[in-house]
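A.B. asks: This structure is in C-alpha cells; I'll ask about it shortly.
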Amino acid sequence: MIPDRIIEQGTLTTHGARSAVEVRLPWYRALPGSCIAGAKLTIDGVDAPADSLRWSMNGREFSFDELRTNTAEWWFPTDSAVLSGELPIDTDAEHEVTVGLTLYIPYIIISDTETLHIDETNTKTMKAVAA
C-alpha cells in the first residue's frame, strides 16, 4: 500500500459548487471498477455529501453504486482518477484536502466469504484552481 501518493499535489479544482482532486491507486496492480468500494472527500474539515461523490476514470464518470458491478473499467497504477463532490471552495486560499479510499483486492482471499480490503487516507494542502 502506498497511501502517501493517493492525492496528486496541485490538482484541486473547483467549478461552482463542485470540487475535485486527482487521485492515484495506492496499490501496485490494476483493479476493476467493482473493487473501488468507496471514497471520502474532505476539504478544510468539511465532508462532501456521500450522494454527491463522483468517480471519473478512463474518460467516464460514475457514482459509487455504478462502480459496484463494473468490471469493464479498470484503474491502473499509472493513471489518475478524479474524485469530485459538492463542496464549494474558493481559489484565494490554501485548502487541506483529505481523500479516503476503500478498495477490495480480488485476488487475495481472506476466507471463504471475504477478500482483502484496504482503507487508505491521504491529506495534502494546496490551492484550488477554477475549472
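By convention in this document, the chains of the C-alpha cells carry letters A, B, ... by their order, each chain's residues are numbered from 1, and ligands are numbered from 1 in the order they are shown.
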Give me the region 29-66 of chain A side of the contact with region 83-95 of chain A, cut-off 6 Å, one line per residue showing its nearest atom pair and distance in Å at one decimal, counting only C-alpha atoms, sorted by chain and residue number, as a tab-separated table.
C.D. replies:
```
residue	atom	partner	partner_atom	distance
A:Asp44	CA	A:His95	CA	5.8
A:Ala48	CA	A:Leu87	CA	5.4
A:Ser52	CA	A:Gly85	CA	5.1
A:Leu53	CA	A:Gly85	CA	4.4
A:Arg54	CA	A:Ser84	CA	5.3
A:Trp55	CA	A:Leu83	CA	4.9
```
A.B. asks: Let me make sure I understand: among A:Ser111, A:Asn58, A:Ser34, A:Thr98, which one has the smallest atom-to-atom distance to Asp4 (chain A) if we use only C-alpha atoms?
C.D. replies: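 Residue with the minimum atom-to-atom distance to Asp4 (chain A): A:Thr98.
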A.B. asks: Skip Tyr28 (chain A) itself and residues of its chain fewer than 4 positions away, then list as an MDAnalysis selection string all residues within 12 Å of it, counting only C-alpha atoms.
C.D. replies: chainID A and resid 1:3 5 24 75:79 105
A.B. asks: Calculated over only C-alpha atoms, which of the candidates A:Leu67, A:Met57, A:Val23, A:Leu116 has the smallest distance to Gly38 (chain A)?
C.D. replies: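 Nearest to Gly38 (chain A): A:Leu67.
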A.B. asks: I'd like the neighbourhood of Thr71 (chain A) as number ranges by chain, where a residue qualifies if any of its atoms comes within 7 Å (using only C-alpha atoms), though same-chain residues fewer than 2 positions away should be ignored.
C.D. replies: A: 32-34, 69, 73
A.B. asks: Save the residues we just selected, all heavy atoms, as an mmCIF file, in the first residue's frame?
C.D. replies:
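Done, and the output landed in out-v3.cif:
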```cif
data_model
loop_
_atom_site.group_PDB
_atom_site.id
_atom_site.type_symbol
_atom_site.label_atom_id
_atom_site.label_comp_id
_atom_site.auth_asym_id
_atom_site.auth_seq_id
_atom_site.Cartn_x
_atom_site.Cartn_y
_atom_site.Cartn_z
ATOM 1 N N PRO A 32 -10.299 -3.543 -11.197
ATOM 2 C CA PRO A 32 -11.523 -3.179 -11.908
ATOM 3 C C PRO A 32 -12.348 -2.209 -11.083
ATOM 4 O O PRO A 32 -12.206 -2.131 -9.855
ATOM 5 C CB PRO A 32 -12.244 -4.522 -12.078
ATOM 6 C CG PRO A 32 -11.750 -5.362 -10.950
ATOM 7 C CD PRO A 32 -10.338 -4.926 -10.710
ATOM 8 N N GLY A 33 -13.221 -1.475 -11.751
ATOM 9 C CA GLY A 33 -14.069 -0.509 -11.066
ATOM 10 C C GLY A 33 -14.850 -1.111 -9.917
ATOM 11 O O GLY A 33 -15.089 -0.440 -8.911
ATOM 12 N N SER A 34 -15.240 -2.367 -10.031
ATOM 13 C CA SER A 34 -16.017 -3.016 -8.977
ATOM 14 C C SER A 34 -15.249 -3.148 -7.670
ATOM 15 O O SER A 34 -15.847 -3.376 -6.614
ATOM 16 C CB SER A 34 -16.491 -4.397 -9.433
ATOM 17 O OG SER A 34 -15.372 -5.227 -9.723
ATOM 18 N N THR A 69 -20.666 -2.870 -9.683
ATOM 19 C CA THR A 69 -20.720 -4.059 -10.537
ATOM 20 C C THR A 69 -19.923 -3.888 -11.828
ATOM 21 O O THR A 69 -20.019 -4.727 -12.723
ATOM 22 C CB THR A 69 -22.180 -4.404 -10.890
ATOM 23 O OG1 THR A 69 -22.769 -3.272 -11.544
ATOM 24 C CG2 THR A 69 -22.972 -4.765 -9.643
ATOM 25 N N GLU A 73 -14.376 -1.348 -16.659
ATOM 26 C CA GLU A 73 -13.440 -0.226 -16.494
ATOM 27 C C GLU A 73 -12.383 -0.596 -15.458
ATOM 28 O O GLU A 73 -12.714 -1.091 -14.376
ATOM 29 C CB GLU A 73 -14.174 1.032 -16.035
ATOM 30 C CG GLU A 73 -15.190 1.546 -17.014
ATOM 31 C CD GLU A 73 -14.585 2.122 -18.284
ATOM 32 O OE1 GLU A 73 -13.430 2.585 -18.247
ATOM 33 O OE2 GLU A 73 -15.281 2.108 -19.308
#
```
A.B. asks: For His15 (chain A), please output as a PDB file with C-alpha atoms, in the first residue's frame all residues within 8 Å (counting only C-alpha atoms; exclusion window: fewer than 3 positions along the same chain).
C.D. replies:
```
ATOM      1  CA  ARG A  18     -18.277  21.125  -7.031  1.00  0.00           C
ATOM      2  CA  SER A  19     -14.677  20.475  -6.097  1.00  0.00           C
ATOM      3  CA  PRO A  88     -17.856  24.798  -2.757  1.00  0.00           C
ATOM      4  CA  ALA A 130     -11.134  27.313 -11.152  1.00  0.00           C
ATOM      5  CA  ALA A 131     -12.061  24.681 -13.728  1.00  0.00           C
TER       6      ALA A 131
END
```
